[in-house]
>>> print(open('protein-v7.cif').read())   # mmCIF, C-alpha atoms and all ligand atoms
data_structure
#
loop_
_atom_site.label_atom_id
_atom_site.label_comp_id
_atom_site.auth_asym_id
_atom_site.auth_seq_id
_atom_site.Cartn_x
_atom_site.Cartn_y
_atom_site.Cartn_z
CA MET A 18 -10.73 -123.94 41.19
CA ARG A 19 -8.10 -121.71 42.73
CA LYS A 20 -8.69 -121.29 46.45
CA PRO A 21 -8.87 -117.66 47.56
CA LEU A 22 -6.25 -116.24 49.89
CA ILE A 23 -7.88 -114.69 52.97
CA GLY A 24 -5.84 -112.43 55.22
CA VAL A 25 -6.71 -112.48 58.92
CA THR A 26 -5.30 -109.82 61.22
CA GLY A 27 -3.28 -111.34 64.01
CA GLU A 28 -3.29 -110.44 67.67
CA ARG A 29 -0.39 -110.17 70.06
CA PHE A 30 -0.25 -112.11 73.26
CA ALA A 31 2.26 -113.85 75.51
CA SER A 32 2.42 -117.59 74.93
CA GLY A 33 1.21 -119.90 77.68
CA TYR A 34 3.14 -122.74 76.07
CA SER A 35 5.26 -124.10 78.89
CA PRO A 36 8.52 -124.87 77.03
CA LEU A 37 8.52 -121.29 75.72
CA PRO A 38 6.62 -119.22 78.29
CA ASN A 39 5.89 -115.55 77.79
CA GLN A 40 7.10 -115.38 74.22
CA ASP A 41 5.45 -112.66 72.15
CA VAL A 42 3.11 -114.36 69.70
CA HIS A 43 1.33 -113.05 66.63
CA GLY A 44 -1.59 -115.40 66.80
CA LEU A 45 -4.82 -116.47 65.14
CA LEU A 46 -7.40 -118.51 66.98
CA ARG A 47 -7.89 -121.94 65.44
CA THR A 48 -11.63 -121.46 65.11
CA TYR A 49 -11.22 -118.71 62.47
CA VAL A 50 -8.57 -120.64 60.61
CA GLU A 51 -10.63 -123.83 60.59
CA ALA A 52 -13.86 -122.06 59.54
CA LEU A 53 -12.01 -120.50 56.60
CA ILE A 54 -10.37 -123.77 55.57
CA GLY A 55 -13.74 -125.48 55.96
CA ALA A 56 -15.29 -122.95 53.60
CA GLY A 57 -12.58 -123.56 50.96
CA ALA A 58 -10.15 -120.70 51.62
CA LEU A 59 -6.43 -120.44 52.28
CA PRO A 60 -5.99 -118.33 55.43
CA VAL A 61 -2.86 -116.29 56.06
CA ILE A 62 -1.95 -114.06 58.99
CA ILE A 63 -1.53 -110.33 58.56
CA PRO A 64 1.06 -109.42 61.18
CA LEU A 65 0.77 -106.27 63.24
CA GLY A 66 3.21 -103.45 62.79
CA LEU A 67 3.69 -103.71 59.01
CA ALA A 68 4.99 -100.58 57.34
CA GLU A 69 2.37 -98.94 55.14
CA ASP A 70 4.01 -100.05 51.88
CA ASP A 71 4.21 -103.65 53.09
CA ARG A 72 0.63 -103.59 54.30
CA ARG A 73 -0.54 -102.43 50.89
CA ALA A 74 1.64 -104.99 49.12
CA LEU A 75 0.24 -107.79 51.27
CA ALA A 76 -3.36 -106.60 50.88
CA ALA A 77 -2.93 -106.44 47.11
CA ARG A 78 -2.27 -110.19 47.05
CA LEU A 79 -5.33 -111.04 49.14
CA ASP A 80 -8.70 -112.12 47.81
CA GLY A 81 -10.49 -111.30 51.05
CA LEU A 82 -10.02 -109.91 54.54
CA LEU A 83 -11.32 -111.42 57.78
CA LEU A 84 -11.36 -109.22 60.87
CA PRO A 85 -11.54 -111.47 63.92
CA GLY A 86 -12.65 -110.78 67.47
CA GLY A 87 -10.34 -109.25 70.04
CA GLY A 88 -9.86 -106.50 72.56
CA ASP A 89 -11.34 -103.03 72.88
CA ILE A 90 -10.58 -100.23 70.44
CA ASP A 91 -8.92 -97.03 71.64
CA PRO A 92 -11.87 -94.65 72.19
CA ALA A 93 -9.70 -91.70 71.16
CA LEU A 94 -10.16 -93.03 67.62
CA TYR A 95 -13.81 -91.99 67.83
CA GLY A 96 -13.21 -88.88 69.90
CA GLU A 97 -14.01 -90.16 73.39
CA ASP A 98 -12.21 -90.49 76.68
CA PRO A 99 -11.86 -94.01 78.08
CA HIS A 100 -14.85 -95.27 80.06
CA PRO A 101 -13.91 -96.84 83.44
CA LYS A 102 -15.04 -100.21 82.07
CA LEU A 103 -12.87 -100.02 78.97
CA ALA A 104 -10.76 -103.20 78.99
CA ASP A 105 -6.99 -102.96 79.40
CA ASP A 106 -6.37 -104.86 76.17
CA VAL A 107 -6.28 -101.90 73.76
CA ASP A 108 -3.60 -102.48 71.11
CA PRO A 109 -2.81 -99.32 69.13
CA LEU A 110 -0.87 -101.30 66.50
CA ARG A 111 -3.83 -103.54 65.82
CA ASP A 112 -6.26 -100.61 65.72
CA ALA A 113 -4.07 -98.79 63.22
CA LEU A 114 -3.51 -101.83 60.99
CA GLU A 115 -7.16 -102.83 60.87
CA ILE A 116 -8.42 -99.30 60.27
CA ALA A 117 -6.05 -98.90 57.31
CA LEU A 118 -7.02 -102.32 55.89
CA ILE A 119 -10.74 -101.58 56.27
CA ARG A 120 -10.56 -98.17 54.58
CA ASP A 121 -8.65 -99.70 51.67
CA ALA A 122 -11.09 -102.63 51.42
CA ALA A 123 -14.03 -100.22 51.36
CA ASP A 124 -12.37 -98.35 48.46
CA THR A 125 -11.03 -101.27 46.46
CA GLY A 126 -13.96 -103.69 46.78
CA LEU A 127 -11.90 -106.34 48.59
CA PRO A 128 -14.40 -108.75 50.18
CA LEU A 129 -14.47 -108.34 53.95
CA LEU A 130 -16.06 -110.33 56.77
CA ALA A 131 -15.85 -108.85 60.27
CA VAL A 132 -16.56 -110.68 63.51
CA CYS A 133 -17.25 -109.16 66.96
CA ARG A 134 -14.46 -106.59 67.48
CA GLY A 135 -14.25 -106.60 63.66
CA VAL A 136 -17.68 -105.03 63.20
CA GLN A 137 -16.81 -102.43 65.83
CA VAL A 138 -13.50 -101.49 64.26
CA LEU A 139 -15.02 -101.26 60.77
CA ASN A 140 -17.59 -98.82 62.13
CA VAL A 141 -14.87 -96.73 63.79
CA ALA A 142 -12.66 -96.92 60.68
CA LEU A 143 -15.39 -95.31 58.57
CA GLY A 144 -16.37 -92.64 61.11
CA GLY A 145 -18.73 -94.31 63.60
CA THR A 146 -18.67 -94.55 67.39
CA LEU A 147 -19.05 -97.33 69.97
CA ILE A 148 -20.86 -98.03 73.21
CA GLN A 149 -17.79 -98.56 75.41
CA ASP A 150 -19.54 -100.80 77.94
CA ILE A 151 -23.05 -102.13 77.34
CA PRO A 152 -23.87 -103.15 80.96
CA SER A 153 -23.10 -99.71 82.38
CA GLN A 154 -24.11 -97.49 79.47
CA LEU A 155 -27.22 -99.44 78.44
CA PRO A 156 -28.41 -100.96 81.74
CA ASP A 157 -31.68 -102.29 80.29
CA ALA A 158 -29.90 -104.29 77.59
CA LEU A 159 -29.82 -108.06 77.49
CA ARG A 160 -26.71 -109.79 78.69
CA HIS A 161 -24.25 -109.76 75.78
CA SER A 162 -20.95 -110.35 77.54
CA PHE A 163 -20.83 -114.06 78.21
CA SER A 164 -17.25 -115.06 78.83
CA LEU A 165 -15.88 -118.47 77.97
CA ARG A 166 -15.87 -119.17 81.70
CA ASP A 167 -19.65 -118.59 81.76
CA ALA A 168 -20.76 -120.60 78.77
CA PRO A 169 -19.42 -122.69 75.90
CA ARG A 170 -18.47 -120.71 72.81
CA GLU A 171 -21.42 -122.09 70.84
CA ASN A 172 -23.91 -121.03 73.55
CA LEU A 173 -26.85 -119.27 71.87
CA ALA A 174 -27.37 -116.21 74.05
CA HIS A 175 -30.02 -114.16 72.24
CA GLU A 176 -31.87 -113.66 68.98
CA VAL A 177 -31.06 -111.19 66.27
CA GLN A 178 -33.51 -109.68 63.83
CA ILE A 179 -32.07 -109.44 60.32
CA SER A 180 -33.19 -106.59 58.04
CA GLU A 181 -35.30 -107.66 55.11
CA GLY A 182 -33.55 -107.18 51.78
CA SER A 183 -30.06 -107.10 53.28
CA ARG A 184 -27.17 -109.22 52.07
CA LEU A 185 -27.06 -110.82 55.50
CA ALA A 186 -30.72 -111.85 55.20
CA ALA A 187 -30.01 -113.40 51.79
CA ILE A 188 -27.01 -115.29 53.17
CA LEU A 189 -28.66 -116.57 56.33
CA GLY A 190 -32.02 -117.16 54.66
CA THR A 191 -33.87 -116.29 57.84
CA PRO A 192 -35.25 -113.08 59.39
CA ILE A 193 -34.35 -114.23 62.91
CA ALA A 194 -31.25 -116.08 64.02
CA ARG A 195 -30.06 -117.22 67.44
CA VAL A 196 -26.47 -116.26 68.13
CA ASN A 197 -23.71 -116.46 70.68
CA SER A 198 -22.62 -113.24 72.37
CA ARG A 199 -19.23 -112.40 73.88
CA HIS A 200 -19.03 -108.62 73.67
CA HIS A 201 -19.32 -105.75 76.14
CA GLN A 202 -19.09 -103.12 73.41
CA ALA A 203 -21.17 -102.47 70.29
CA ALA A 204 -21.57 -99.93 67.49
CA ARG A 205 -23.46 -96.79 68.61
CA ASP A 206 -23.50 -94.10 65.89
CA VAL A 207 -23.13 -95.88 62.57
CA ALA A 208 -20.60 -94.50 60.11
CA PRO A 209 -21.85 -92.67 57.02
CA GLY A 210 -22.55 -95.11 54.19
CA LEU A 211 -22.89 -98.14 56.45
CA GLU A 212 -26.22 -99.79 57.13
CA VAL A 213 -27.40 -101.61 60.25
CA VAL A 214 -28.72 -105.01 59.11
CA ALA A 215 -29.16 -106.89 62.40
CA ARG A 216 -30.20 -105.96 65.92
CA ALA A 217 -30.74 -107.83 69.18
CA PRO A 218 -34.22 -107.48 70.73
CA ASP A 219 -32.83 -104.72 73.01
CA GLY A 220 -31.75 -102.69 69.98
CA VAL A 221 -28.03 -103.44 70.24
CA ILE A 222 -26.47 -103.43 66.77
CA GLU A 223 -25.46 -106.95 65.73
CA GLY A 224 -24.84 -106.62 61.99
CA ILE A 225 -23.55 -103.94 59.60
CA GLU A 226 -23.02 -103.84 55.84
CA LEU A 227 -21.63 -101.43 53.26
CA PRO A 228 -24.27 -101.33 50.50
CA GLY A 229 -22.91 -101.32 46.97
CA HIS A 230 -19.68 -103.08 47.97
CA PRO A 231 -19.09 -106.59 46.54
CA TYR A 232 -19.02 -108.10 50.06
CA PHE A 233 -18.59 -106.06 53.24
CA VAL A 234 -20.41 -107.69 56.15
CA GLY A 235 -19.82 -107.46 59.88
CA VAL A 236 -21.56 -109.39 62.64
CA GLN A 237 -21.31 -108.89 66.37
CA TRP A 238 -21.57 -112.60 67.17
CA HIS A 239 -19.06 -115.40 66.55
CA PRO A 240 -20.15 -117.47 63.54
CA GLU A 241 -16.76 -119.24 63.53
CA ASN A 242 -17.93 -121.06 66.69
CA LEU A 243 -21.26 -122.02 65.09
CA GLN A 244 -20.13 -123.81 61.93
CA ALA A 245 -22.37 -126.77 62.80
CA ILE A 246 -25.36 -124.49 62.09
CA PRO A 247 -25.96 -124.34 58.31
CA GLU A 248 -26.81 -120.59 58.31
CA MET A 249 -23.54 -119.75 60.05
CA LYS A 250 -21.54 -122.00 57.76
CA ARG A 251 -23.13 -120.15 54.83
CA LEU A 252 -21.81 -116.88 56.19
CA PHE A 253 -18.25 -118.16 55.75
CA VAL A 254 -19.01 -119.94 52.48
CA SER A 255 -20.62 -116.85 50.94
CA PHE A 256 -17.61 -114.75 51.96
CA VAL A 257 -15.17 -117.25 50.45
CA GLU A 258 -17.27 -117.38 47.27
CA ALA A 259 -17.13 -113.60 46.98
CA ALA A 260 -13.36 -113.77 47.46
CA THR A 261 -13.07 -116.51 44.85
CA GLY A 262 -14.86 -114.35 42.32
CA ARG A 263 -12.46 -111.51 42.86
CA GLY A 264 -9.66 -112.92 40.77
CA ALA A 265 -12.03 -114.09 38.00
MN MN A 301 -24.88 -109.83 71.42
#
>>> encode(input="protein-v7.cif", output="structure tokens", more="lines below")
Ligand code: MN
Amino acid sequence: MRKPLIGVTGERFASGYSPLPNQDVHGLLRTYVEALIGAGALPVIIPLGLAEDDRRALAARLDGLLLPGGGDIDPALYGEDPHPKLADDVDPLRDALEIALIRDAADTGLPLLAVCRGVQVLNVALGGTLIQDIPSQLPDALRHSFSLRDAPRENLAHEVQISEGSRLAAILGTPIARVNSRHHQAARDVAPGLEVVARAPDGVIEGIELPGHPYFVGVQWHPENLQAIPEMKRLFVSFVEAATGRGA
């Protein structure tokens, strides 16, 4: 069977590779690439800064779109001033590219899986807002912002409750999952048309879907780091299956 082509938005950073230090890189973390390959897909990078025509031309060749984790989203995009705890990693090019891709995917039925920042940006793209900093704006919340210095990437930080009848519940096959957690932001007001399908015990939004779309699922955790857990592998496999069906 033809393997589906999955576009993953890249991020910009300076290389730490010693023979070529401080080169500008359009990168993808290996974990996303390997989870997609492991689920039977062909991943390709969507570079930042594409002209609109080129972005549409590239998206038209894709069978699915993966929105990976990353930095904070410019709060101006949901009508707010920056909170003092907003990170300094806002990338306007990435915000603009992902918002355009998400709006098109919502309209065209292109299968979409969003991870961490991805679920936040899809909410903003369709008209929602974010909590800019959970520890300061929601002081009674659980700890969600484990860094990779604090804990391994597969560290299961908290539970999530999955909504009965949701696509996510059907994929995971369980009403409660234990997940990793490396975010200091989360969706606050959910965009019109979107549905919250997973929450942490403190109420923080951990999963969002677009009902009626062939496959439009966002999770706040990092399933790409949890591929040894069958439920989390199924999340990638189900996405790749939806993308495979697209060309059929
Ligand atoms: Mn969390």
>>> atom_distance(input="protein-v7.cif", atom1="atom CA of A:His230", atom2="atom CA of A:Pro247")
24.5 Å
>>> residues_near_ligand(input="protein-v7.cif", ligand="ligand MN 301 (chain A)", cutoff="7 Å", atoms="only C-alpha atoms and all ligand atoms", output="VMD selection string")
chain A and resid 161 175 197 to 200 217 223 237 to 238
>>> closest_residue(input="protein-v7.cif", among="A:Gly86, A:Gly96, A:Gly66, A:Pro128", to="A:Pro109", atoms="only C-alpha atoms")
A:Gly66
>>> residues_around(input="protein-v7.cif", residues="stretch 23-35 of chain A", least_positions_apart="3", cutoff="10 Å", atoms="only C-alpha atoms", output="ChimeraX atom specification")
/A:20,38-46,49-50,53-54,58-65,75-76,78-88,106,108,110-111,114-115,118,128-131,135,256-257,260-261
>>> closest_residue(input="protein-v7.cif", among="A:Arg47, A:Arg73, A:Arg184, A:His201", to="A:Ala215", atoms="only C-alpha atoms")
A:Arg184
>>> closest_residue(input="protein-v7.cif", among="A:Leu165, A:Gly220, A:Glu69, A:Leu147", to="A:Val207", atoms="only C-alpha atoms")
A:Leu147
>>> closest_residue(input="protein-v7.cif", among="A:Val177, A:Val254, A:Ala93, A:Ile116", to="A:Arg195", atoms="only C-alpha atoms")
A:Val177
